[in-house]
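**Q** Have a look at the structure that comes next, please.
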Amino acid sequence: MNPYRVAVVGSGPAGVYATEALVRSDVEVSVDIYDRLPTPYGLVRYGVAPDHPRIKSIIVALQRVLEREQVRFLGDVNVGVDVSIDDLGEFYDAVVFATGASAGRRLAIPGEDLPGVCSATDFVAWYSGHPDHAGAGESFALDAESVVVIGAGNVALDVARLLAKSAADLAHTDMPPHVLERLASSGVRDVHLVCRRGPEHAKFTAKELRELLELEDLATRLDADLLPADAADPMVAANLKAFAELAVREVVNGQRTLHFHFWSRPIELLGDGDGVAALRLERMREVEGVVRPTGEVVELEAGMVVRSVGYHSTPVGTLPFDEGLGRIPNDEGRVTGPDGRPIEGRYVAGWVKRGPSGVVGTNRACAAGTVAGLLADLAGRPARGASAADVDRALAERGIVPVTYDGWLSIDAEELDRGRGLGRVRTKIPDWETLRRIGSAAGREPVQNTA
Ligand code: NAP
């Protein structure tokens, strides 16, 4: 009997974990992983902070999956644009969408579109060397002395930390040279993290907060009086302990200062055509478990503002999309139509399934759940019987020549080489043209598996 053939759209952690669950199952399955980019690994490559190499090392495990005999990587193919979902459906017994959540939520306050205001999504993509953002550096007001980052999650903390770090602290990262230069020469002196609720509600994690304690030339300011004495939840208690240490920490000759502002709700961004100048915020407090405005309004000077208040997914081709929830509607990973019933052969995994939450590893269980349902649905059905060659022919007829896994290995080797030349582990290639040129030099035939 022919193996089943499954397409996975998106090669970030959720897509690769879905692939792993498929090829490790006791059902015979071949998987083609599509990605819009010529490079795999999604947010591990373009979202995990460049100064967090330990988290990035998860790539080693993801790579083992891409190297399995039954798996092919088809990069530089935009599913839903270059090839329709219905077209894919002709060749695959099922399609799993693991396209993540790539858009930043908005604040919905006046002044949000002033020059100098940006989303963390764009800023992170730029400093991570994402090819869609290679030329974006000039749009960030990095000459500002005072920068505000809005949000109390780990992305806000990543952004604040990278803005507050010295050039020496950033020098070892894999950021493209032009990004490093721009960050290293920024005028930033004060970074303000604005959190609409209290320290006990913050979604930062203690490990990331404690990392700040290690930065020798970064001063930290935090009102210790706002810290509750203790918390029953061990994660909150660990955060409070870290905040308490940050509040009393003495830094002599700090080059930059990170200020935590709790109970501060953004209400308006002030400025003019030249750019943002200040954030107006209202102090909040908790009364009988409900967070309420106090009426006290203050202004915080800001020449650059980064909003980091969560992500949402974007629609994929003609698949149903829930605008309110910002993800694809599904029932335990089975994509559902307007009548709430599953659409045959269409599945989701990761952030586009459950929303932007959890750490990288959370996607493993999430993807395994989807794959369990997918395999149960396939059980007893004959495979469609399309071969890898059938897929390649159909793509070629549409003028699509994917970057293969070997093509990605060439890009990888070039980045490592460029890094070595600069005394770093890796230097990312940030532009489409070079990625495509190097990715295609290995021969853009999908070479791995011809089953
Ligand atoms: P997040 O953890 O959901 O945090 C979003 C923050 O935005 C919350 O503090 C939220 O406050 C705040 N917020 C929402 N709407 C707001 C508004 N209108 N005004 C002011 N504040 C507002 O999201 P994230 O930081 O984007 O992170 C996404 C996921 O990636 C999380 O699971 C995160 O842990 C993970 N991640 C992990 C790491 C790591 O492990 N190192 C690094 C980066 C990201 P409320 O709580 O009051 O709603």
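Ordering of the structure tokens sets the chain letters (A, B, ...), residue numbers begin anew at 1 in every chain, and ligands are numbered from 1 in the order given.
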Would you write out, as JSON lines, a table of all residues in segment 371-448 of chain A that have an atom no more than 9 Å from an atom of segment 61-83 of chain A, listing for each the closest atom pair and the distance in Å to one decimal, considering only C-alpha atoms and ordering rows by chain and rising residue number?
**A**
{"residue": "A:Leu395", "atom": "CA", "partner": "A:Val83", "partner_atom": "CA", "distance": 7.7}
{"residue": "A:Arg398", "atom": "CA", "partner": "A:Val83", "partner_atom": "CA", "distance": 7.6}
{"residue": "A:Gly399", "atom": "CA", "partner": "A:Asp82", "partner_atom": "CA", "distance": 8.8}
{"residue": "A:Ile400", "atom": "CA", "partner": "A:Val77", "partner_atom": "CA", "distance": 7.2}
{"residue": "A:Val401", "atom": "CA", "partner": "A:Val77", "partner_atom": "CA", "distance": 8.1}
{"residue": "A:Pro402", "atom": "CA", "partner": "A:Leu74", "partner_atom": "CA", "distance": 5.1}
{"residue": "A:Val403", "atom": "CA", "partner": "A:Gly75", "partner_atom": "CA", "distance": 4.6}
{"residue": "A:Thr404", "atom": "CA", "partner": "A:Leu74", "partner_atom": "CA", "distance": 5.4}
{"residue": "A:Tyr405", "atom": "CA", "partner": "A:Phe73", "partner_atom": "CA", "distance": 5.2}
{"residue": "A:Asp406", "atom": "CA", "partner": "A:Phe73", "partner_atom": "CA", "distance": 8.8}
{"residue": "A:Gly407", "atom": "CA", "partner": "A:Gly75", "partner_atom": "CA", "distance": 8.8}
{"residue": "A:Trp408", "atom": "CA", "partner": "A:Gly75", "partner_atom": "CA", "distance": 8.2}
{"residue": "A:Arg436", "atom": "CA", "partner": "A:Asp76", "partner_atom": "CA", "distance": 8.1}
{"residue": "A:Pro446", "atom": "CA", "partner": "A:Leu74", "partner_atom": "CA", "distance": 7.1}
{"residue": "A:Val447", "atom": "CA", "partner": "A:Arg72", "partner_atom": "CA", "distance": 7.9}
{"residue": "A:Gln448", "atom": "CA", "partner": "A:Arg72", "partner_atom": "CA", "distance": 5.9}
**Q** Which residues sit within 7 Å of ligand 1, counting only C-alpha atoms and all ligand atoms, listed as number ranges by chain?
**A** A: 48, 107, 150-156, 158, 195-197, 201-204, 208, 265-266, 308-311, 356-359
**Q** At a cut-off of 8 Å, using only C-alpha atoms, what residues contact segment 427-429 of chain A? Leave out same-chain residues fewer than 2 positions from it and give the result as a PyMOL selection string.
**A** chain A and resi 128-129+131+173-177+415-416+418-419+424-425+431+434-435
**Q** Skipping near chain neighbours, those fewer than 5 positions away, what residues fall within 12 Å of Ser264 of chain A using only C-alpha atoms, listed as a PDB file with N, CA, C and O atoms, in the first residue's frame?
**A**
ATOM      1  N   ILE A 150       5.500  48.751  25.737  1.00  0.00           N
ATOM      2  CA  ILE A 150       4.213  48.515  26.401  1.00  0.00           C
ATOM      3  C   ILE A 150       3.911  47.018  26.413  1.00  0.00           C
ATOM      4  O   ILE A 150       3.897  46.374  25.364  1.00  0.00           O
ATOM      5  N   GLY A 151       3.659  46.473  27.607  1.00  0.00           N
ATOM      6  CA  GLY A 151       3.331  45.051  27.721  1.00  0.00           C
ATOM      7  C   GLY A 151       4.113  44.420  28.854  1.00  0.00           C
ATOM      8  O   GLY A 151       5.202  44.887  29.201  1.00  0.00           O
ATOM      9  N   ALA A 152       3.564  43.359  29.433  1.00  0.00           N
ATOM     10  CA  ALA A 152       4.230  42.693  30.562  1.00  0.00           C
ATOM     11  C   ALA A 152       4.424  41.214  30.266  1.00  0.00           C
ATOM     12  O   ALA A 152       4.286  40.364  31.141  1.00  0.00           O
ATOM     13  N   HIS A 192      11.536  52.187  29.380  1.00  0.00           N
ATOM     14  CA  HIS A 192      10.422  52.118  30.327  1.00  0.00           C
ATOM     15  C   HIS A 192       9.500  50.971  29.940  1.00  0.00           C
ATOM     16  O   HIS A 192       8.957  50.967  28.826  1.00  0.00           O
ATOM     17  N   LEU A 193       9.336  50.012  30.837  1.00  0.00           N
ATOM     18  CA  LEU A 193       8.398  48.910  30.578  1.00  0.00           C
ATOM     19  C   LEU A 193       7.078  49.260  31.249  1.00  0.00           C
ATOM     20  O   LEU A 193       7.030  49.436  32.476  1.00  0.00           O
ATOM     21  N   VAL A 194       6.027  49.380  30.439  1.00  0.00           N
ATOM     22  CA  VAL A 194       4.740  49.839  30.967  1.00  0.00           C
ATOM     23  C   VAL A 194       3.768  48.660  31.051  1.00  0.00           C
ATOM     24  O   VAL A 194       3.457  48.028  30.033  1.00  0.00           O
ATOM     25  N   CYS A 195       3.310  48.357  32.267  1.00  0.00           N
ATOM     26  CA  CYS A 195       2.476  47.173  32.512  1.00  0.00           C
ATOM     27  C   CYS A 195       1.137  47.642  33.080  1.00  0.00           C
ATOM     28  O   CYS A 195       1.119  48.353  34.087  1.00  0.00           O
ATOM     29  N   ARG A 196       0.042  47.243  32.447  1.00  0.00           N
ATOM     30  CA  ARG A 196      -1.239  47.831  32.874  1.00  0.00           C
ATOM     31  C   ARG A 196      -1.731  47.270  34.202  1.00  0.00           C
ATOM     32  O   ARG A 196      -2.620  47.836  34.825  1.00  0.00           O
ATOM     33  N   ARG A 197      -1.176  46.118  34.620  1.00  0.00           N
ATOM     34  CA  ARG A 197      -1.573  45.588  35.935  1.00  0.00           C
ATOM     35  C   ARG A 197      -0.342  45.487  36.843  1.00  0.00           C
ATOM     36  O   ARG A 197       0.703  46.028  36.526  1.00  0.00           O
ATOM     37  N   GLY A 198      -0.492  44.758  37.956  1.00  0.00           N
ATOM     38  CA  GLY A 198       0.569  44.752  38.968  1.00  0.00           C
ATOM     39  C   GLY A 198       1.648  43.715  38.716  1.00  0.00           C
ATOM     40  O   GLY A 198       1.517  42.867  37.818  1.00  0.00           O
ATOM     41  N   PRO A 199       2.712  43.763  39.541  1.00  0.00           N
ATOM     42  CA  PRO A 199       3.809  42.798  39.380  1.00  0.00           C
ATOM     43  C   PRO A 199       3.336  41.358  39.530  1.00  0.00           C
ATOM     44  O   PRO A 199       3.882  40.454  38.893  1.00  0.00           O
ATOM     45  N   LEU A 279       4.043  59.205  26.136  1.00  0.00           N
ATOM     46  CA  LEU A 279       2.906  58.302  26.352  1.00  0.00           C
ATOM     47  C   LEU A 279       2.115  58.832  27.537  1.00  0.00           C
ATOM     48  O   LEU A 279       2.701  59.111  28.601  1.00  0.00           O
ATOM     49  N   ARG A 280       0.825  59.000  27.337  1.00  0.00           N
ATOM     50  CA  ARG A 280      -0.031  59.403  28.450  1.00  0.00           C
ATOM     51  C   ARG A 280      -0.626  58.137  29.040  1.00  0.00           C
ATOM     52  O   ARG A 280      -1.178  57.297  28.305  1.00  0.00           O
ATOM     53  N   LEU A 281      -0.497  57.987  30.342  1.00  0.00           N
ATOM     54  CA  LEU A 281      -1.054  56.776  30.948  1.00  0.00           C
ATOM     55  C   LEU A 281      -1.823  57.104  32.216  1.00  0.00           C
ATOM     56  O   LEU A 281      -1.626  58.156  32.832  1.00  0.00           O
ATOM     57  N   GLU A 282      -2.699  56.184  32.541  1.00  0.00           N
ATOM     58  CA  GLU A 282      -3.536  56.378  33.715  1.00  0.00           C
ATOM     59  C   GLU A 282      -3.176  55.324  34.747  1.00  0.00           C
ATOM     60  O   GLU A 282      -3.057  54.136  34.418  1.00  0.00           O
ATOM     61  N   ARG A 283      -2.995  55.762  35.977  1.00  0.00           N
ATOM     62  CA  ARG A 283      -2.695  54.812  37.050  1.00  0.00           C
ATOM     63  C   ARG A 283      -3.931  53.967  37.352  1.00  0.00           C
ATOM     64  O   ARG A 283      -5.052  54.477  37.361  1.00  0.00           O
ATOM     65  N   MET A 284      -3.701  52.692  37.591  1.00  0.00           N
ATOM     66  CA  MET A 284      -4.792  51.762  37.883  1.00  0.00           C
ATOM     67  C   MET A 284      -4.611  51.231  39.301  1.00  0.00           C
ATOM     68  O   MET A 284      -3.536  51.338  39.891  1.00  0.00           O
ATOM     69  N   ARG A 285      -5.654  50.625  39.836  1.00  0.00           N
ATOM     70  CA  ARG A 285      -5.494  49.907  41.104  1.00  0.00           C
ATOM     71  C   ARG A 285      -6.536  48.800  41.151  1.00  0.00           C
ATOM     72  O   ARG A 285      -7.540  48.839  40.412  1.00  0.00           O
ATOM     73  N   GLU A 286      -6.311  47.848  42.050  1.00  0.00           N
ATOM     74  CA  GLU A 286      -7.235  46.716  42.144  1.00  0.00           C
ATOM     75  C   GLU A 286      -8.141  46.930  43.346  1.00  0.00           C
ATOM     76  O   GLU A 286      -7.665  47.163  44.462  1.00  0.00           O
ATOM     77  N   VAL A 291      -9.612  45.437  38.431  1.00  0.00           N
ATOM     78  CA  VAL A 291      -8.653  46.512  38.138  1.00  0.00           C
ATOM     79  C   VAL A 291      -9.437  47.725  37.641  1.00  0.00           C
ATOM     80  O   VAL A 291     -10.224  47.627  36.694  1.00  0.00           O
ATOM     81  N   ARG A 292      -9.249  48.867  38.339  1.00  0.00           N
ATOM     82  CA  ARG A 292     -10.029  50.076  37.989  1.00  0.00           C
ATOM     83  C   ARG A 292      -9.103  51.267  37.786  1.00  0.00           C
ATOM     84  O   ARG A 292      -8.059  51.357  38.432  1.00  0.00           O
ATOM     85  N   PRO A 293      -9.533  52.218  36.929  1.00  0.00           N
ATOM     86  CA  PRO A 293      -8.741  53.443  36.774  1.00  0.00           C
ATOM     87  C   PRO A 293      -8.843  54.317  38.020  1.00  0.00           C
ATOM     88  O   PRO A 293      -9.891  54.341  38.687  1.00  0.00           O
ATOM     89  N   THR A 294      -7.772  55.031  38.342  1.00  0.00           N
ATOM     90  CA  THR A 294      -7.797  55.912  39.516  1.00  0.00           C
ATOM     91  C   THR A 294      -8.110  57.356  39.133  1.00  0.00           C
ATOM     92  O   THR A 294      -8.352  58.191  39.993  1.00  0.00           O
ATOM     93  N   GLY A 295      -8.037  57.667  37.840  1.00  0.00           N
ATOM     94  CA  GLY A 295      -8.214  59.061  37.415  1.00  0.00           C
ATOM     95  C   GLY A 295      -6.904  59.828  37.395  1.00  0.00           C
ATOM     96  O   GLY A 295      -6.814  60.926  36.859  1.00  0.00           O
ATOM     97  N   GLU A 296      -5.842  59.248  37.961  1.00  0.00           N
ATOM     98  CA  GLU A 296      -4.538  59.932  37.967  1.00  0.00           C
ATOM     99  C   GLU A 296      -3.845  59.679  36.628  1.00  0.00           C
ATOM    100  O   GLU A 296      -3.585  58.532  36.256  1.00  0.00           O
ATOM    101  N   VAL A 297      -3.568  60.773  35.898  1.00  0.00           N
ATOM    102  CA  VAL A 297      -2.978  60.637  34.565  1.00  0.00           C
ATOM    103  C   VAL A 297      -1.558  61.209  34.599  1.00  0.00           C
ATOM    104  O   VAL A 297      -1.335  62.287  35.164  1.00  0.00           O
ATOM    105  N   VAL A 298      -0.616  60.479  34.041  1.00  0.00           N
ATOM    106  CA  VAL A 298       0.765  60.990  33.987  1.00  0.00           C
ATOM    107  C   VAL A 298       1.309  60.837  32.570  1.00  0.00           C
ATOM    108  O   VAL A 298       0.770  60.052  31.783  1.00  0.00           O
ATOM    109  N   GLU A 299       2.365  61.595  32.270  1.00  0.00           N
ATOM    110  CA  GLU A 299       2.979  61.495  30.938  1.00  0.00           C
ATOM    111  C   GLU A 299       4.417  61.025  31.067  1.00  0.00           C
ATOM    112  O   GLU A 299       5.132  61.460  31.966  1.00  0.00           O
ATOM    113  N   LEU A 300       4.768  60.146  30.161  1.00  0.00           N
ATOM    114  CA  LEU A 300       6.113  59.569  30.160  1.00  0.00           C
ATOM    115  C   LEU A 300       6.772  59.964  28.847  1.00  0.00           C
ATOM    116  O   LEU A 300       6.234  59.676  27.780  1.00  0.00           O
TER     117      LEU A 300
END
**Q** Residues at most 8 Å from segment 232-240 of chain A, counting only C-alpha atoms, excluding those fewer than 4 positions away in the same chain, as a PyMOL selection string?
**A** chain A and resi 199-201+204-206+209+227-228+244
**Q** Can you spit out the residues from that selection as an mmCIF file, in the first residue's frame, using N, CA and C atoms?
**A**
data_model
loop_
_atom_site.group_PDB
_atom_site.id
_atom_site.type_symbol
_atom_site.label_atom_id
_atom_site.label_comp_id
_atom_site.auth_asym_id
_atom_site.auth_seq_id
_atom_site.Cartn_x
_atom_site.Cartn_y
_atom_site.Cartn_z
ATOM 1 N N PRO A 199 2.712 43.763 39.541
ATOM 2 C CA PRO A 199 3.809 42.798 39.380
ATOM 3 C C PRO A 199 3.336 41.358 39.530
ATOM 4 N N GLU A 200 2.304 41.152 40.342
ATOM 5 C CA GLU A 200 1.801 39.781 40.548
ATOM 6 C C GLU A 200 1.030 39.262 39.332
ATOM 7 N N HIS A 201 0.674 40.163 38.396
ATOM 8 C CA HIS A 201 -0.061 39.737 37.197
ATOM 9 C C HIS A 201 0.831 39.626 35.968
ATOM 10 N N PHE A 204 5.833 37.979 32.559
ATOM 11 C CA PHE A 204 7.268 37.683 32.420
ATOM 12 C C PHE A 204 7.532 36.370 33.146
ATOM 13 N N THR A 205 8.648 35.714 32.808
ATOM 14 C CA THR A 205 9.028 34.558 33.612
ATOM 15 C C THR A 205 10.284 34.897 34.414
ATOM 16 N N ALA A 206 10.417 34.232 35.574
ATOM 17 C CA ALA A 206 11.470 34.607 36.537
ATOM 18 C C ALA A 206 12.851 34.458 35.921
ATOM 19 N N LEU A 209 13.601 37.484 34.063
ATOM 20 C CA LEU A 209 13.804 38.650 34.945
ATOM 21 C C LEU A 209 15.175 38.564 35.616
ATOM 22 N N LEU A 227 5.219 45.706 45.529
ATOM 23 C CA LEU A 227 5.366 44.248 45.482
ATOM 24 C C LEU A 227 4.599 43.591 46.626
ATOM 25 N N PRO A 228 3.641 42.726 46.315
ATOM 26 C CA PRO A 228 2.968 41.983 47.386
ATOM 27 C C PRO A 228 3.985 41.130 48.136
ATOM 28 N N ALA A 244 11.957 41.959 43.588
ATOM 29 C CA ALA A 244 12.485 42.536 44.830
ATOM 30 C C ALA A 244 13.993 42.751 44.699
#
